[in-house]
>>> print(open('run.cif').read())   # mmCIF, C-alpha atoms
data_work
loop_
_atom_site.label_atom_id
_atom_site.label_comp_id
_atom_site.auth_asym_id
_atom_site.auth_seq_id
_atom_site.Cartn_x
_atom_site.Cartn_y
_atom_site.Cartn_z
CA MET A 1 0.00 0.00 0.00
CA ASN A 2 1.50 3.33 -1.12
CA ASN A 3 1.90 6.14 1.37
CA TYR A 4 0.37 9.54 0.61
CA TYR A 5 1.79 13.02 1.22
CA LEU A 6 -0.70 15.87 1.61
CA GLY A 7 0.19 19.46 0.76
CA ILE A 8 -1.78 22.69 1.24
CA ASP A 9 -0.95 26.10 -0.24
CA THR A 10 -3.01 29.26 0.27
CA SER A 11 -1.27 31.88 -1.83
CA ALA A 12 -2.32 35.39 -2.78
CA TYR A 13 -4.62 34.20 -5.59
CA THR A 14 -5.09 30.41 -5.36
CA THR A 15 -6.33 27.87 -2.82
CA SER A 16 -4.56 24.56 -3.51
CA VAL A 17 -4.59 21.04 -2.08
CA ALA A 18 -2.52 18.16 -3.50
CA VAL A 19 -1.63 14.59 -2.63
CA ILE A 20 1.24 12.58 -4.12
CA ASP A 21 2.37 9.03 -3.44
CA GLU A 22 5.74 7.33 -2.94
CA ASN A 23 6.35 7.27 -6.71
CA ASN A 24 5.63 11.00 -7.17
CA ASP A 25 2.36 10.15 -8.85
CA ILE A 26 -0.25 12.88 -8.31
CA ILE A 27 -3.21 11.28 -6.55
CA PHE A 28 -5.18 14.49 -6.02
CA ASP A 29 -4.73 18.05 -7.26
CA LEU A 30 -7.46 20.64 -6.88
CA ARG A 31 -7.06 24.42 -7.03
CA LYS A 32 -9.52 27.27 -6.82
CA ILE A 33 -8.55 30.67 -8.20
CA LEU A 34 -9.59 33.51 -5.92
CA GLU A 35 -12.15 35.89 -7.37
CA VAL A 36 -11.07 39.42 -8.29
CA GLU A 37 -13.64 42.07 -9.19
CA LYS A 38 -13.55 43.28 -12.78
CA ASN A 39 -11.19 46.22 -13.44
CA LYS A 40 -9.38 45.66 -10.15
CA LYS A 41 -5.64 44.92 -10.15
CA GLY A 42 -5.63 42.49 -7.25
CA LEU A 43 -6.97 41.49 -3.84
CA ARG A 44 -6.35 42.86 -0.38
CA GLN A 45 -5.00 40.26 2.01
CA GLN A 46 -8.16 40.28 4.14
CA GLU A 47 -10.27 39.53 1.06
CA ALA A 48 -7.96 36.69 0.04
CA VAL A 49 -7.96 35.23 3.57
CA PHE A 50 -11.77 35.21 3.61
CA GLN A 51 -11.92 33.37 0.28
CA HIS A 52 -9.36 30.78 1.44
CA ILE A 53 -11.44 30.15 4.57
CA LYS A 54 -14.45 29.43 2.33
CA ASN A 55 -12.54 27.39 -0.27
CA LEU A 56 -10.51 25.00 1.86
CA PRO A 57 -13.39 23.03 3.43
CA LEU A 58 -14.90 22.48 -0.03
CA ILE A 59 -11.60 21.29 -1.52
CA LEU A 60 -10.79 19.07 1.47
CA ASP A 61 -14.25 17.56 1.23
CA GLU A 62 -13.53 16.64 -2.40
CA MET A 63 -10.17 15.18 -1.32
CA THR A 64 -11.76 12.89 1.27
CA LYS A 65 -14.10 11.56 -1.42
CA SER A 66 -11.19 10.86 -3.77
CA ILE A 67 -8.48 9.26 -1.62
CA GLU A 68 -8.04 6.95 1.36
CA THR A 69 -7.03 9.44 4.04
CA ARG A 70 -5.61 6.65 6.22
CA ARG A 71 -2.72 6.43 3.74
CA ILE A 72 -1.57 9.99 4.52
CA VAL A 73 1.74 9.81 6.39
CA SER A 74 2.73 13.49 6.30
CA VAL A 75 0.96 16.85 6.03
CA SER A 76 2.83 19.87 4.68
CA THR A 77 2.00 23.50 4.04
CA SER A 78 3.37 26.75 2.65
CA GLY A 79 3.86 28.68 5.87
CA LYS A 80 5.19 31.93 4.43
CA PRO A 81 6.38 33.45 1.13
CA ARG A 82 10.13 32.76 1.58
CA ASP A 83 12.34 30.98 4.06
CA LYS A 84 13.68 34.31 5.32
CA GLU A 85 13.42 36.19 8.58
CA GLY A 86 10.42 38.52 8.52
CA SER A 87 8.80 36.94 5.46
CA TYR A 88 5.07 36.98 6.13
CA MET A 89 1.70 37.20 4.41
CA PRO A 90 -1.62 36.60 6.22
CA VAL A 91 -2.95 34.33 3.46
CA PHE A 92 -0.53 31.55 4.37
CA THR A 93 -1.83 31.33 7.93
CA VAL A 94 -5.10 29.83 6.62
CA GLY A 95 -3.47 26.81 4.99
CA LYS A 96 -0.98 26.47 7.81
CA GLY A 97 -3.69 26.26 10.45
CA GLN A 98 -5.73 23.70 8.52
CA ALA A 99 -2.67 21.57 7.76
CA TYR A 100 -1.66 21.55 11.42
CA ILE A 101 -5.13 20.47 12.55
CA ILE A 102 -5.25 17.67 9.98
CA SER A 103 -1.80 16.40 11.01
CA LYS A 104 -2.90 16.23 14.65
CA ILE A 105 -6.15 14.42 13.82
CA LEU A 106 -4.30 11.88 11.64
CA ASP A 107 -1.36 11.72 14.10
CA VAL A 108 1.24 12.22 11.35
CA PRO A 109 4.19 14.64 11.01
CA PHE A 110 3.48 18.29 10.18
CA LYS A 111 6.03 20.09 7.98
CA GLU A 112 6.34 23.67 6.78
CA PHE A 113 7.98 24.97 3.63
CA SER A 114 7.92 28.36 2.01
CA HIS A 115 5.70 29.12 -0.96
CA GLN A 116 8.87 29.71 -2.96
CA GLU A 117 10.27 26.31 -1.96
CA GLY A 118 6.99 24.79 -3.09
CA HIS A 119 7.40 26.29 -6.56
CA ILE A 120 10.93 24.91 -6.77
CA GLY A 121 9.80 21.51 -5.52
CA ALA A 122 7.11 21.30 -8.20
CA GLY A 123 9.75 22.04 -10.83
CA MET A 124 12.24 19.54 -9.45
CA MET A 125 9.81 16.64 -9.18
CA ASN A 126 10.56 13.89 -11.73
CA SER A 127 13.32 15.94 -13.38
CA GLN A 128 17.11 15.63 -13.56
CA LEU A 129 17.33 18.45 -11.01
CA GLU A 130 16.49 15.94 -8.29
CA LYS A 131 20.11 14.78 -8.63
CA VAL A 132 21.72 18.23 -9.06
CA ASP A 133 23.38 19.60 -5.93
CA ARG A 134 23.45 23.26 -6.98
CA PHE A 135 21.40 25.18 -9.53
CA LEU A 136 19.70 28.49 -10.24
CA ALA A 137 15.93 28.92 -10.03
CA PHE A 138 14.21 31.95 -11.55
CA HIS A 139 10.97 32.60 -9.67
CA ILE A 140 8.88 34.81 -11.97
CA SER A 141 5.31 35.47 -10.90
CA GLY A 142 2.78 38.17 -10.05
CA GLY A 143 4.56 39.17 -6.88
CA THR A 144 8.10 37.91 -7.37
CA THR A 145 10.95 38.17 -9.84
CA GLU A 146 13.96 36.63 -8.11
CA LEU A 147 16.98 34.74 -9.34
CA LEU A 148 17.79 32.15 -6.67
CA LEU A 149 20.88 30.06 -6.01
CA VAL A 150 19.60 26.73 -4.69
CA ASP A 151 21.68 24.31 -2.64
CA ASN A 152 19.81 21.01 -2.88
CA ASN A 153 21.11 19.18 0.18
CA LYS A 154 19.64 16.05 1.74
CA THR A 155 17.87 17.88 4.56
CA ASN A 156 16.34 20.96 2.90
CA LEU A 157 16.71 23.48 0.11
CA ASN A 158 19.03 26.35 1.02
CA ILE A 159 18.14 29.38 -1.09
CA ASP A 160 19.92 32.69 -1.62
CA ILE A 161 18.63 35.58 -3.74
CA VAL A 162 21.33 36.51 -6.28
CA GLY A 163 19.37 38.63 -8.76
CA GLY A 164 15.97 39.77 -9.97
CA THR A 165 14.06 43.03 -10.20
CA LEU A 166 14.70 46.11 -8.10
CA ASP A 167 11.21 47.58 -8.55
CA ILE A 168 8.09 45.91 -9.96
CA SER A 169 7.86 42.19 -10.70
CA ILE A 170 7.41 40.80 -14.20
CA GLY A 171 3.95 39.58 -13.28
CA GLN A 172 3.00 43.08 -12.15
CA LEU A 173 4.30 44.48 -15.44
CA VAL A 174 2.21 42.01 -17.45
CA ASP A 175 -0.95 42.60 -15.42
CA ARG A 176 -0.63 46.40 -15.44
CA ILE A 177 -0.24 46.47 -19.21
CA GLY A 178 -3.03 43.90 -19.53
CA VAL A 179 -5.46 45.97 -17.45
CA LYS A 180 -4.57 49.04 -19.51
CA LEU A 181 -5.44 46.98 -22.60
CA ASP A 182 -8.83 46.13 -20.98
CA PHE A 183 -8.10 42.51 -20.05
CA GLU A 184 -9.48 41.10 -16.80
CA PHE A 185 -7.03 40.59 -13.93
CA PRO A 186 -5.06 38.33 -13.83
CA CYS A 187 -4.28 38.94 -17.49
CA GLY A 188 -1.37 36.63 -18.33
CA LYS A 189 -3.17 33.61 -19.75
CA GLU A 190 -5.41 35.56 -22.14
CA MET A 191 -2.52 37.79 -23.22
CA ASP A 192 -0.42 34.70 -23.90
CA ASN A 193 -3.11 33.28 -26.21
CA ILE A 194 -3.56 36.54 -28.13
CA SER A 195 0.18 37.14 -28.53
CA GLN A 196 0.61 33.95 -30.59
CA SER A 197 -0.54 35.77 -33.75
CA GLY A 198 1.21 39.07 -32.96
CA ASN A 199 4.30 40.70 -34.44
CA ILE A 200 7.13 42.52 -32.68
CA VAL A 201 6.79 46.31 -32.84
CA ASP A 202 9.73 48.14 -34.38
CA GLU A 203 10.35 50.60 -31.57
CA ARG A 204 13.65 51.26 -29.81
CA LEU A 205 13.74 50.09 -26.18
CA SER A 206 16.90 49.79 -24.09
CA LEU A 207 17.08 46.97 -21.56
CA LYS A 208 17.61 48.29 -18.01
CA ILE A 209 19.79 45.47 -16.70
CA LYS A 210 22.88 45.64 -14.52
CA ASP A 211 24.57 42.32 -13.87
CA THR A 212 21.84 40.04 -12.42
CA TRP A 213 19.52 42.89 -11.45
CA ALA A 214 16.96 44.81 -13.50
CA ASN A 215 14.41 47.62 -13.32
CA PHE A 216 11.07 47.06 -15.04
CA SER A 217 9.08 50.19 -14.24
CA GLY A 218 10.57 51.89 -17.30
CA TYR A 219 9.12 49.11 -19.46
CA GLU A 220 5.69 49.84 -18.02
CA ASN A 221 5.98 53.47 -19.11
CA PHE A 222 7.24 52.46 -22.56
CA PHE A 223 4.36 50.08 -23.26
CA ALA A 224 1.81 52.49 -21.81
CA ARG A 225 2.99 55.03 -24.40
CA LEU A 226 2.63 52.46 -27.19
CA ILE A 227 -0.95 51.83 -26.11
CA ASP A 228 -1.77 55.53 -25.82
CA SER A 229 -0.34 56.23 -29.27
CA GLY A 230 -3.12 54.17 -30.86
CA LYS A 231 -0.71 53.08 -33.63
CA TYR A 232 -0.43 49.40 -32.79
CA LYS A 233 -2.65 46.34 -32.48
CA LYS A 234 -3.11 44.76 -29.07
CA LYS A 235 -1.60 41.47 -30.16
CA ASP A 236 1.53 43.24 -31.46
CA ILE A 237 2.02 45.23 -28.24
CA ILE A 238 1.66 42.06 -26.18
CA ARG A 239 4.04 40.09 -28.41
CA THR A 240 6.60 42.88 -28.04
CA LEU A 241 6.11 42.93 -24.27
CA PHE A 242 6.83 39.21 -24.01
CA TYR A 243 9.81 39.55 -26.35
CA THR A 244 11.24 42.28 -24.12
CA ILE A 245 10.72 40.16 -21.00
CA TYR A 246 12.40 37.18 -22.67
CA LEU A 247 15.46 39.25 -23.65
CA SER A 248 15.74 40.64 -20.11
CA LEU A 249 15.50 37.22 -18.48
CA GLU A 250 18.03 35.78 -20.91
CA LYS A 251 20.60 38.45 -20.01
CA ILE A 252 20.04 37.99 -16.27
CA ILE A 253 20.37 34.20 -16.56
CA LEU A 254 23.59 34.46 -18.56
CA TYR A 255 25.10 36.80 -15.97
CA GLY A 256 23.87 34.59 -13.13
CA CYS A 257 25.29 31.36 -14.55
CA ARG A 258 28.71 32.89 -15.15
CA LYS A 259 28.83 34.59 -11.77
CA ASN A 260 27.78 31.50 -9.80
CA ASP A 261 29.47 28.87 -11.98
CA VAL A 262 26.33 26.84 -12.69
CA ASN A 263 24.67 25.73 -15.91
CA ASP A 264 21.34 24.35 -14.70
CA VAL A 265 18.42 26.80 -14.42
CA LEU A 266 14.85 26.11 -13.34
CA LEU A 267 12.01 28.47 -14.30
CA VAL A 268 9.09 28.57 -11.84
CA GLY A 269 6.09 30.78 -11.13
CA GLY A 270 3.10 31.79 -13.19
CA VAL A 271 5.04 33.78 -15.79
CA ALA A 272 7.08 30.62 -16.56
CA SER A 273 3.92 29.18 -18.14
CA ASN A 274 4.09 31.82 -20.91
CA LEU A 275 4.69 29.94 -24.16
CA PHE A 276 6.77 32.61 -25.92
CA ILE A 277 9.06 33.24 -22.94
CA ARG A 278 9.66 29.62 -21.97
CA GLU A 279 10.27 28.33 -25.49
CA ASN A 280 12.67 31.13 -26.43
CA LEU A 281 14.68 30.72 -23.23
CA LYS A 282 14.92 26.95 -23.70
CA ASN A 283 15.95 27.19 -27.35
CA ASN A 284 18.35 30.13 -27.16
CA LEU A 285 20.17 29.41 -23.90
CA TYR A 286 20.92 25.88 -25.04
CA ILE A 287 23.60 27.26 -27.40
CA HIS A 288 25.36 28.69 -24.33
CA ASP A 289 25.45 25.20 -22.72
CA ILE A 290 22.83 26.24 -20.18
CA ASN A 291 20.20 23.65 -19.33
CA ILE A 292 16.79 25.25 -18.86
CA TYR A 293 14.23 23.23 -16.91
CA VAL A 294 10.65 24.37 -17.31
CA PRO A 295 7.84 22.39 -15.63
CA GLU A 296 4.68 21.55 -17.52
CA ARG A 297 2.46 24.61 -17.50
CA PRO A 298 0.09 23.42 -14.73
CA PHE A 299 3.14 23.05 -12.45
CA CYS A 300 4.25 26.66 -13.03
CA SER A 301 1.25 28.41 -11.51
CA ASP A 302 0.52 28.32 -7.77
CA ASN A 303 -0.07 24.76 -6.57
CA ALA A 304 0.38 22.49 -3.56
CA ILE A 305 2.15 19.73 -5.47
CA GLY A 306 5.58 21.15 -4.66
CA VAL A 307 5.09 21.15 -0.89
CA SER A 308 3.71 17.60 -1.10
CA TYR A 309 6.85 16.55 -2.95
CA LEU A 310 9.13 18.31 -0.45
CA SER A 311 7.23 16.72 2.43
CA LYS A 312 8.30 13.32 1.09
CA ASN A 313 11.91 14.28 0.46
CA LYS A 314 12.95 17.02 2.92
CA ALA A 315 12.85 17.65 6.67
CA GLY A 316 10.88 20.89 6.46
CA HIS A 317 10.72 23.73 8.98
CA ILE A 318 8.74 24.50 12.09
CA TRP A 319 8.29 28.27 12.28
CA GLY A 320 5.60 28.26 14.94
CA PHE A 321 2.29 30.13 15.09
#
>>> encode(input="run.cif", output="structure tokens")
Amino acid sequence: MNNYYLGIDTSAYTTSVAVIDENNDIIFDLRKILEVEKNKKGLRQQEAVFQHIKNLPLILDEMTKSIETRRIVSVSTSGKPRDKEGSYMPVFTVGKGQAYIISKILDVPFKEFSHQEGHIGAGMMNSQLEKVDRFLAFHISGGTTELLLVDNNKTNLNIDIVGGTLDISIGQLVDRIGVKLDFEFPCGKEMDNISQSGNIVDERLSLKIKDTWANFSGYENFFARLIDSGKYKKKDIIRTLFYTIYLSLEKIILYGCRKNDVNDVLLVGGVASNLFIRENLKNNLYIHDINIYVPERPFCSDNAIGVSYLSKNKAGHIWGF
């Protein structure tokens, strides 16, 4: 009888519950995207917490109908955004509390990981990175654009931030331009679909990158001007936006690999599901002998699969309540 590993993640925009078994097979994976009012650019934490409180019982009810809960041998959760002192968001307390209660009822170990570790875990699962001791992970999402040096030791993942953005995240850039183009928040998925038939706009734009760090607020102003000019089609503006992001990420990754003497790079986070960005990075960094690992698209967005995987393979943390 296979053992099961339960993971819960309550991030800024998704309620997630997942169960994997000893073979890394996904036994259960259910996510509910939090609702954002039309024309709004996000949710306040108190609104997100309230939705998580409503969503989790419904998802856990579905889980109990789908699996044998007696097989669960460990319960894990995303306890905070990063494994850093002072890292905190109220949304993660919802999943953490529920996971702790379940572990006590089932009398099994309770483990904590960071939301960021969960993303990395989801990307590592069933890939060659499971056997790599040291690699870079680029966490690119709505709230985060960080280049991370990951030490994959037997006990836990040790993570250091070695690059990223100094102002807005890439996800914020995409959503702000998307909202200005009248897409509903979050905008990335619909923009990705529309961009497939777009062309790159012939406008001069300098990349604001210094070593492994970048500023993206200037890009927001640039693309806002393109929209306001009325000269270009939506699909062409979006295609150009994604092309600019790809070029920026490529430069940062090249700097990061040389500086840290690594050649394995994992892309994680919602923006990593963008077809144009992921395919161009994979194809063009290969010629520099850099191995780009990109999870299947459902594993890029917020999910609890990564913390389930880490629960099986790592010791986890106990940060307390």
>>> closest_atom_pairs(input="run.cif", of="range 63-158 of chain A", to="range 35-44 of chain A", cutoff="12 Å", atoms="only C-alpha atoms", output="Markdown table")
| residue | atom | partner | partner_atom | distance |
| --- | --- | --- | --- | --- |
| A:Met89 | CA | A:Arg44 | CA | 10.9 |
| A:Pro90 | CA | A:Arg44 | CA | 10.3 |
| A:Val91 | CA | A:Arg44 | CA | 10.0 |
| A:Gly142 | CA | A:Gly42 | CA | 9.9 |
| A:Gly143 | CA | A:Gly42 | CA | 10.7 |
>>> resolve_selection(input="run.cif", expression="the PyMOL selection byres ((chain A and resi 173-176) around 8)", output="ChimeraX atom specification")
/A:41,142,168-172,177-180,185-188,216-217,219-220,241
>>> resolve_selection(input="run.cif", expression="the PyMOL selection byres ((chain A and resi 49) around 9)", output="short mmCIF file (atom, residue, chain, number, x, y, z; two decimals) with C-alpha atoms, keeping the file's coordinate frame")
data_model
loop_
_atom_site.label_atom_id
_atom_site.label_comp_id
_atom_site.auth_asym_id
_atom_site.auth_seq_id
_atom_site.Cartn_x
_atom_site.Cartn_y
_atom_site.Cartn_z
CA THR A 10 -3.01 29.26 0.27
CA ALA A 12 -2.32 35.39 -2.78
CA ARG A 44 -6.35 42.86 -0.38
CA GLN A 45 -5.00 40.26 2.01
CA GLN A 46 -8.16 40.28 4.14
CA GLU A 47 -10.27 39.53 1.06
CA ALA A 48 -7.96 36.69 0.04
CA PHE A 50 -11.77 35.21 3.61
CA GLN A 51 -11.92 33.37 0.28
CA HIS A 52 -9.36 30.78 1.44
CA ILE A 53 -11.44 30.15 4.57
CA LYS A 54 -14.45 29.43 2.33
CA PRO A 90 -1.62 36.60 6.22
CA VAL A 91 -2.95 34.33 3.46
CA PHE A 92 -0.53 31.55 4.37
CA THR A 93 -1.83 31.33 7.93
CA VAL A 94 -5.10 29.83 6.62
#
>>> residues_around(input="run.cif", residues="Thr144 in chain A", least_positions_apart="2", cutoff="12 Å", atoms="only C-alpha atoms", output="count of residues only")
31
>>> resolve_selection(input="run.cif", expression="the PyMOL selection byres ((chain A and resi 5) around 8)", output="ChimeraX atom specification")
/A:3-4,6-7,19-21,72-76,308-309,311-312
>>> closest_residue(input="run.cif", among="A:Asp133, A:Lys208, A:Arg258, A:Gly198", to="Ile237 in chain A", atoms="all atoms listed in the file")
A:Gly198
>>> residues_around(input="run.cif", residues="Asn283 in chain A", least_positions_apart="4", cutoff="12 Å", atoms="all atoms listed in the file", output="ChimeraX atom specification")
/A:246,250,276-279,287-294
>>> build_atoms(input="run.cif", residues="range 46-60 of chain A", atoms="N, CA, C and O atoms", output="PDB file, in the frame of the given file")
ATOM      1  N   GLN A  46      -6.979  40.698   3.379  1.00  0.00           N
ATOM      2  CA  GLN A  46      -8.160  40.280   4.140  1.00  0.00           C
ATOM      3  C   GLN A  46      -9.208  39.649   3.243  1.00  0.00           C
ATOM      4  O   GLN A  46      -9.906  38.708   3.655  1.00  0.00           O
ATOM      5  N   GLU A  47      -9.324  40.127   1.997  1.00  0.00           N
ATOM      6  CA  GLU A  47     -10.270  39.530   1.060  1.00  0.00           C
ATOM      7  C   GLU A  47      -9.810  38.129   0.662  1.00  0.00           C
ATOM      8  O   GLU A  47     -10.617  37.195   0.564  1.00  0.00           O
ATOM      9  N   ALA A  48      -8.502  37.985   0.421  1.00  0.00           N
ATOM     10  CA  ALA A  48      -7.960  36.690   0.040  1.00  0.00           C
ATOM     11  C   ALA A  48      -8.092  35.677   1.173  1.00  0.00           C
ATOM     12  O   ALA A  48      -8.456  34.510   0.948  1.00  0.00           O
ATOM     13  N   VAL A  49      -7.817  36.104   2.405  1.00  0.00           N
ATOM     14  CA  VAL A  49      -7.960  35.230   3.570  1.00  0.00           C
ATOM     15  C   VAL A  49      -9.389  34.716   3.674  1.00  0.00           C
ATOM     16  O   VAL A  49      -9.625  33.513   3.894  1.00  0.00           O
ATOM     17  N   PHE A  50     -10.355  35.604   3.515  1.00  0.00           N
ATOM     18  CA  PHE A  50     -11.770  35.210   3.610  1.00  0.00           C
ATOM     19  C   PHE A  50     -12.115  34.162   2.562  1.00  0.00           C
ATOM     20  O   PHE A  50     -12.810  33.180   2.858  1.00  0.00           O
ATOM     21  N   GLN A  51     -11.617  34.339   1.334  1.00  0.00           N
ATOM     22  CA  GLN A  51     -11.920  33.370   0.280  1.00  0.00           C
ATOM     23  C   GLN A  51     -11.251  32.016   0.559  1.00  0.00           C
ATOM     24  O   GLN A  51     -11.838  30.961   0.296  1.00  0.00           O
ATOM     25  N   HIS A  52     -10.024  32.041   1.084  1.00  0.00           N
ATOM     26  CA  HIS A  52      -9.360  30.780   1.440  1.00  0.00           C
ATOM     27  C   HIS A  52     -10.157  30.027   2.505  1.00  0.00           C
ATOM     28  O   HIS A  52     -10.299  28.805   2.452  1.00  0.00           O
ATOM     29  N   ILE A  53     -10.657  30.759   3.488  1.00  0.00           N
ATOM     30  CA  ILE A  53     -11.440  30.150   4.570  1.00  0.00           C
ATOM     31  C   ILE A  53     -12.681  29.452   3.997  1.00  0.00           C
ATOM     32  O   ILE A  53     -13.091  28.385   4.475  1.00  0.00           O
ATOM     33  N   LYS A  54     -13.278  30.041   2.975  1.00  0.00           N
ATOM     34  CA  LYS A  54     -14.450  29.430   2.330  1.00  0.00           C
ATOM     35  C   LYS A  54     -14.055  28.258   1.431  1.00  0.00           C
ATOM     36  O   LYS A  54     -14.768  27.252   1.367  1.00  0.00           O
ATOM     37  N   ASN A  55     -12.929  28.388   0.735  1.00  0.00           N
ATOM     38  CA  ASN A  55     -12.540  27.390  -0.270  1.00  0.00           C
ATOM     39  C   ASN A  55     -12.010  26.094   0.317  1.00  0.00           C
ATOM     40  O   ASN A  55     -12.307  25.000  -0.189  1.00  0.00           O
ATOM     41  N   LEU A  56     -11.206  26.196   1.365  1.00  0.00           N
ATOM     42  CA  LEU A  56     -10.510  25.000   1.860  1.00  0.00           C
ATOM     43  C   LEU A  56     -11.446  23.878   2.288  1.00  0.00           C
ATOM     44  O   LEU A  56     -11.211  22.710   1.931  1.00  0.00           O
ATOM     45  N   PRO A  57     -12.504  24.141   3.064  1.00  0.00           N
ATOM     46  CA  PRO A  57     -13.390  23.030   3.430  1.00  0.00           C
ATOM     47  C   PRO A  57     -13.992  22.315   2.217  1.00  0.00           C
ATOM     48  O   PRO A  57     -14.147  21.085   2.223  1.00  0.00           O
ATOM     49  N   LEU A  58     -14.322  23.078   1.173  1.00  0.00           N
ATOM     50  CA  LEU A  58     -14.900  22.480  -0.030  1.00  0.00           C
ATOM     51  C   LEU A  58     -13.882  21.592  -0.746  1.00  0.00           C
ATOM     52  O   LEU A  58     -14.200  20.481  -1.195  1.00  0.00           O
ATOM     53  N   ILE A  59     -12.636  22.074  -0.846  1.00  0.00           N
ATOM     54  CA  ILE A  59     -11.600  21.290  -1.520  1.00  0.00           C
ATOM     55  C   ILE A  59     -11.240  20.050  -0.705  1.00  0.00           C
ATOM     56  O   ILE A  59     -11.083  18.950  -1.246  1.00  0.00           O
ATOM     57  N   LEU A  60     -11.125  20.218   0.617  1.00  0.00           N
ATOM     58  CA  LEU A  60     -10.790  19.070   1.470  1.00  0.00           C
ATOM     59  C   LEU A  60     -11.906  18.032   1.472  1.00  0.00           C
ATOM     60  O   LEU A  60     -11.645  16.826   1.576  1.00  0.00           O
TER      61      LEU A  60
END
